[in-house]
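> Here it is, the structure, as structure tokens.
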Amino acid sequence: MQVIENLSVKEKLYTEKLENGLTIMIIPKTGIRKKYVMWATHYGSIDNKFIVPGENKITEVPDGIAHFLEHKMFEQENGTNSLDVLTALGVNANAYTTTNYTTYLFEATDNFYEALDELMDYVQHPYFTDENVEKEKGIIAQEINMYNDYPDWEVYMNALRCMYKNNPIIIDIAGTVESIQKIDKNVLYKCYNTFYNPSNMVMCFCGDFNSEDLIKEIKNRLIEKKAQGEIKRIYEKEQEQIVEKRKEQKMEVSMPLFVIGIKDKLEKENLVKKHIAIEILLNMLIGKSSNLYKNLYENELIMSEPFLEYEFEENYAHIAITGSSKDPDKVLQKLLNEIDKLKKEGIQEETFNRIKNMLYGNTVKEFNSVSEIARMFVTDYFKGVNSFDYLESYKQIKPEYVKQVLEDVFKEENTVISIVKG
């Protein structure tokens, strides 16, 4: 078992890779009543074309299958639904699918090991029939239609479609009403057997645990399964340039919504440092303490702080600035002016240090929550990052590096805007 300690937050990560390839991560929190577990597989909505280990031919599956599979996992052969069983135990259970991974989770104060029994049972024993797959299609079709009517989702998806031409990130996580009709039990079992192998999965625990005892408990609940070779994921080559600068859609909204996107190139080196630099720059440019935010707020161009995010996975990277405004195009123009100004004037050390310290403090605060810790370590794990790396990188980052990232990433030709208005 490997132990990694971070003195900044006085936390330890215990990690072990089992013989079957399953990675286990444990972050003990002595004296905390809540216990949190996530069991995740490196299988998301973008993984629709792949070569199964041991095969030579390419397998292509319908859009939305990872999400469909997540929905179906709770249904058991004995007629019970594992979500109901977990709720009856008094634990808060859930599951979700992202572009990059699918995770099953619960939070408990009591009945932890009974809940772990159920979690490890249903994730290892899929049960698909022609009947239950057909029934699920209607349920997921309703969910897809609901999201299509949801302005916040549409404005975001349109921004992605402005940035990307071939990347599967532009496909809705749930797929389309048409694509899910092509799903049957055979393709579900094929995807399950390919992606739900222990060597493609990670379990993350946070709470008052003895690491060695917990690993024994996990081993006792694992069914025998051998590690498989690497799954070859196939993604179409993406162009560097954006697709279109602007997209507008009419929907019922009281105030226009916008997402400003900036397409980036993913670099395998310095992922964490670059992420921090971009967060610092976003806060300098349009964060709550920035001059631009004050100007926009005083002129009633925005009513609240926009949501600032840098999203990156193994085959895409972009900035998303989300908010609402009576004139989104004016917000974009003012932001572009502010970027030019910052490039000319350079990074003020005082502002840089203030924002860096604020963001560092926010990261440290996340280590107070068992759910935030588990989510953070799982998300970062699939990016090839250890979450402790962020704490160390904050100490190393300098204004010169941030200025270089500003020049490299914040380019007008890579900037798009998506607007939804009434």
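Within each chain, counting starts at residue 1; across the structure tokens, chains are named A, B, ... in the order shown, with ligands numbered 1 upward in that order.
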Give me the residues near stretch 12-26 of chain A as an NGL selection string, where near means some atom within 10 Å (using only C-alpha atoms) and where sequence neighbours in that chain fewer than 3 positions away do not count.
:A and (1-7 or 9 or 29 or 37-39 or 41 or 197-212 or 214-215 or 218-219 or 222 or 224-229 or 374 or 377-378 or 381 or 386-388)
> If we count only C-alpha atoms, what is near A:Leu406 at a cut-off of 12 Å, once residues fewer than 5 positions away on the same chain are taken out, given as an MDAnalysis selection string?
chainID A and resid 262 264 274:282 284:285 338:344 346:347 399:401 411:412
> Which residues come within 7 Å of stretch 185-192 of chain A, counting only C-alpha atoms, excluding same-chain residues fewer than 2 positions away, as a ChimeraX atom specification?
/A:69,128-130,133,183,194-196
> Write down as a list in words the residues of stretch 180-312 of chain A whose backbone DSSP state falls under strand (DSSP E).
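So the strand (DSSP E) residues in stretch 180-312 of chain A would be Met201, Val202, Met203, Cys204, Phe205, Cys206, Gly207, Lys232, Arg233, Arg246, Lys247, Glu248, Gln249, Lys250, Leu257, Phe258, Val259, Ile260, Gly261, Ile262, Lys263, Phe307, Leu308, Glu309, Tyr310, Glu311 and Phe312 of chain A.
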> Take the selection from the previous step and output its residues with C-alpha atoms, as a compact mmCIF listing (two decimals), in the first residue's frame.

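Writing done, so here's result-v1.txt:
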# COMPACT_ATOMS: atom_id res chain seq x y z
CA MET A 201 -12.22 1.16 -12.24
CA VAL A 202 -11.36 3.00 -9.05
CA MET A 203 -12.94 2.97 -5.57
CA CYS A 204 -12.49 6.03 -3.37
CA PHE A 205 -13.40 6.14 0.33
CA CYS A 206 -13.37 9.09 2.70
CA GLY A 207 -14.28 8.86 6.38
CA LYS A 232 -8.34 1.31 -27.23
CA ARG A 233 -10.63 4.35 -27.37
CA ARG A 246 -21.86 32.83 -32.34
CA LYS A 247 -25.05 30.84 -31.92
CA GLU A 248 -28.38 32.21 -30.75
CA GLN A 249 -31.50 30.25 -29.79
CA LYS A 250 -34.96 31.38 -28.76
CA LEU A 257 -28.44 33.49 -20.90
CA PHE A 258 -24.94 33.24 -22.32
CA VAL A 259 -21.91 30.99 -22.36
CA ILE A 260 -18.64 32.48 -23.57
CA GLY A 261 -16.31 29.65 -24.59
CA ILE A 262 -12.59 29.71 -25.36
CA LYS A 263 -11.26 26.61 -27.09
CA PHE A 307 -19.77 30.97 -13.31
CA LEU A 308 -16.13 30.53 -14.36
CA GLU A 309 -14.73 27.14 -15.33
CA TYR A 310 -11.85 25.48 -17.13
CA GLU A 311 -12.93 22.04 -18.33
CA PHE A 312 -10.42 19.49 -19.57
> Need the shell around A:Glu143: protein/DNA/RNA residues with any atom at most 12 Å away, counting only C-alpha atoms. Skip same-chain ones fewer than 5 positions apart. Format as a PyMOL selection string?
chain A and resi 64+67-68+71+136-138+148-150+172-177+180
> So that I can see what lies close to A:Pro151, please list as a PyMOL selection string the residues with an atom at most 10 Å from it, counting only C-alpha atoms and leaving out residues fewer than 4 positions away in the same chain.
chain A and resi 147+155-157+249-253+256-258+419-421
> Using only C-alpha atoms, determine which residues lie at most 9 Å from A:Ile51, disregarding the query and same-chain residues fewer than 5 positions distant; provide the list as a ChimeraX atom specification.
/A:56-60,231-234
> Using the selection just defined, write its residues with C-alpha atoms as a short mmCIF file (atom, residue, chain, number, x, y, z; two decimals), in the first residue's frame.

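Listed below is the output, out-v1.cif:
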data_model
loop_
_atom_site.label_atom_id
_atom_site.label_comp_id
_atom_site.auth_asym_id
_atom_site.auth_seq_id
_atom_site.Cartn_x
_atom_site.Cartn_y
_atom_site.Cartn_z
CA ASN A 56 -9.04 -6.41 -33.54
CA LYS A 57 -12.23 -4.91 -34.94
CA ILE A 58 -13.67 -1.54 -33.94
CA THR A 59 -16.89 -1.61 -31.91
CA GLU A 60 -19.22 1.36 -32.40
CA ILE A 231 -9.28 -0.58 -24.07
CA LYS A 232 -8.34 1.31 -27.23
CA ARG A 233 -10.63 4.35 -27.37
CA ILE A 234 -11.07 5.89 -30.81
#
> So the first atom is atom CA of A:Thr379 and the second is atom CA of A:Met358; what is the distance between them in Å, to one decimal place?
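Going from atom CA of A:Thr379 over to atom CA of A:Met358, I get 22.1 Å.
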> Going by DSSP on the backbone, which bits of stretch 385-417 of chain A are alpha helix (DSSP H)? Write them as number ranges by chain, please.
A: 388-396, 399-409
> For the residues in the current selection, export N, CA and C atoms as a PDB file, in the first residue's frame.

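Writing the result to again-v2.pdb gives the following:
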ATOM      1  N   PHE A 388      -3.697  16.195  -4.443  1.00  0.00           N
ATOM      2  CA  PHE A 388      -2.716  16.908  -3.618  1.00  0.00           C
ATOM      3  C   PHE A 388      -1.809  17.805  -4.465  1.00  0.00           C
ATOM      4  N   ASP A 389      -1.652  17.452  -5.761  1.00  0.00           N
ATOM      5  CA  ASP A 389      -0.770  18.227  -6.643  1.00  0.00           C
ATOM      6  C   ASP A 389      -1.203  19.696  -6.734  1.00  0.00           C
ATOM      7  N   TYR A 390      -2.524  19.944  -6.618  1.00  0.00           N
ATOM      8  CA  TYR A 390      -3.009  21.324  -6.692  1.00  0.00           C
ATOM      9  C   TYR A 390      -2.434  22.156  -5.547  1.00  0.00           C
ATOM     10  N   LEU A 391      -2.440  21.586  -4.349  1.00  0.00           N
ATOM     11  CA  LEU A 391      -1.950  22.329  -3.182  1.00  0.00           C
ATOM     12  C   LEU A 391      -0.474  22.701  -3.348  1.00  0.00           C
ATOM     13  N   GLU A 392       0.305  21.782  -3.892  1.00  0.00           N
ATOM     14  CA  GLU A 392       1.736  22.052  -4.092  1.00  0.00           C
ATOM     15  C   GLU A 392       1.962  23.034  -5.243  1.00  0.00           C
ATOM     16  N   SER A 393       1.149  22.925  -6.294  1.00  0.00           N
ATOM     17  CA  SER A 393       1.346  23.778  -7.477  1.00  0.00           C
ATOM     18  C   SER A 393       1.032  25.240  -7.189  1.00  0.00           C
ATOM     19  N   TYR A 394       0.091  25.500  -6.298  1.00  0.00           N
ATOM     20  CA  TYR A 394      -0.207  26.896  -5.929  1.00  0.00           C
ATOM     21  C   TYR A 394       1.051  27.594  -5.411  1.00  0.00           C
ATOM     22  N   LYS A 395       1.887  26.843  -4.684  1.00  0.00           N
ATOM     23  CA  LYS A 395       3.092  27.439  -4.100  1.00  0.00           C
ATOM     24  C   LYS A 395       4.135  27.763  -5.172  1.00  0.00           C
ATOM     25  N   GLN A 396       4.082  27.024  -6.290  1.00  0.00           N
ATOM     26  CA  GLN A 396       5.126  27.164  -7.313  1.00  0.00           C
ATOM     27  C   GLN A 396       4.767  28.160  -8.409  1.00  0.00           C
ATOM     28  N   PRO A 399       3.759  34.880 -11.530  1.00  0.00           N
ATOM     29  CA  PRO A 399       3.073  35.771 -12.473  1.00  0.00           C
ATOM     30  C   PRO A 399       3.545  35.590 -13.922  1.00  0.00           C
ATOM     31  N   GLU A 400       4.849  35.294 -14.116  1.00  0.00           N
ATOM     32  CA  GLU A 400       5.381  35.149 -15.479  1.00  0.00           C
ATOM     33  C   GLU A 400       4.703  33.985 -16.210  1.00  0.00           C
ATOM     34  N   TYR A 401       4.487  32.900 -15.473  1.00  0.00           N
ATOM     35  CA  TYR A 401       3.839  31.731 -16.084  1.00  0.00           C
ATOM     36  C   TYR A 401       2.384  32.057 -16.426  1.00  0.00           C
ATOM     37  N   VAL A 402       1.703  32.741 -15.532  1.00  0.00           N
ATOM     38  CA  VAL A 402       0.302  33.119 -15.754  1.00  0.00           C
ATOM     39  C   VAL A 402       0.185  34.022 -16.973  1.00  0.00           C
ATOM     40  N   LYS A 403       1.131  34.955 -17.126  1.00  0.00           N
ATOM     41  CA  LYS A 403       1.137  35.850 -18.295  1.00  0.00           C
ATOM     42  C   LYS A 403       1.299  35.042 -19.594  1.00  0.00           C
ATOM     43  N   GLN A 404       2.146  34.024 -19.558  1.00  0.00           N
ATOM     44  CA  GLN A 404       2.349  33.176 -20.733  1.00  0.00           C
ATOM     45  C   GLN A 404       1.073  32.422 -21.097  1.00  0.00           C
ATOM     46  N   VAL A 405       0.365  31.924 -20.089  1.00  0.00           N
ATOM     47  CA  VAL A 405      -0.909  31.221 -20.319  1.00  0.00           C
ATOM     48  C   VAL A 405      -1.945  32.190 -20.901  1.00  0.00           C
ATOM     49  N   LEU A 406      -1.952  33.421 -20.411  1.00  0.00           N
ATOM     50  CA  LEU A 406      -2.847  34.451 -20.953  1.00  0.00           C
ATOM     51  C   LEU A 406      -2.617  34.615 -22.456  1.00  0.00           C
ATOM     52  N   GLU A 407      -1.368  34.704 -22.863  1.00  0.00           N
ATOM     53  CA  GLU A 407      -1.028  34.880 -24.282  1.00  0.00           C
ATOM     54  C   GLU A 407      -1.403  33.643 -25.107  1.00  0.00           C
ATOM     55  N   ASP A 408      -1.163  32.469 -24.534  1.00  0.00           N
ATOM     56  CA  ASP A 408      -1.343  31.222 -25.284  1.00  0.00           C
ATOM     57  C   ASP A 408      -2.802  30.806 -25.430  1.00  0.00           C
ATOM     58  N   VAL A 409      -3.635  31.104 -24.425  1.00  0.00           N
ATOM     59  CA  VAL A 409      -4.995  30.541 -24.371  1.00  0.00           C
ATOM     60  C   VAL A 409      -6.078  31.551 -24.716  1.00  0.00           C
TER      61      VAL A 409
END
> Can I get the residues of stretch 1-54 of chain A within 12 Å of stretch 102-117 of chain A, each with the closest pair of atoms and their distance in Å to one decimal, using only C-alpha atoms, sorted chain first then ascending number, as a tab-separated table?

residue	atom	partner	partner_atom	distance
A:Gly31	CA	A:Thr109	CA	11.8
A:Ile32	CA	A:Thr109	CA	9.1
A:Arg33	CA	A:Thr109	CA	5.6
A:Lys34	CA	A:Thr109	CA	4.7
A:Lys35	CA	A:Ala108	CA	5.3
A:Tyr36	CA	A:Glu107	CA	4.5
A:Val37	CA	A:Leu105	CA	5.5
A:Met38	CA	A:Leu105	CA	4.3
A:Trp39	CA	A:Tyr104	CA	5.2
A:Ala40	CA	A:Thr103	CA	4.0
A:Thr41	CA	A:Thr102	CA	5.4
A:His42	CA	A:Thr102	CA	6.7
A:Tyr43	CA	A:Thr102	CA	5.8
A:Gly44	CA	A:Thr102	CA	5.9
A:Ser45	CA	A:Thr102	CA	8.8
A:Ile46	CA	A:Thr102	CA	11.4
A:Asp47	CA	A:Thr102	CA	11.2
> Could you check which of A:Met120, A:Met163, A:Leu332, A:Ala317 is closest to A:Gln241, using only C-alpha atoms?
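Smallest separation from A:Gln241 among the options: A:Met163.
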> With distances taken over only C-alpha atoms, which of A:Ile144, A:Asn48, A:Phe410, A:Val385 is nearest to A:Glu236?
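Using only C-alpha atoms, A:Glu236 sits closest to A:Asn48.
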> Could you check the closest approach to A:Arg354 for each of A:Asn270, A:Asn283, A:Leu292, A:Asp327 and tell me which residue wins, using only C-alpha atoms?
A:Asn283
> Identify which of the residues A:Lys135, A:Ile171, A:Gly79, A:Pro28 lies closest to A:Glu154, counting only C-alpha atoms when measuring atom-to-atom distances.
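Checking each candidate against A:Glu154, we get A:Ile171 as the closest.
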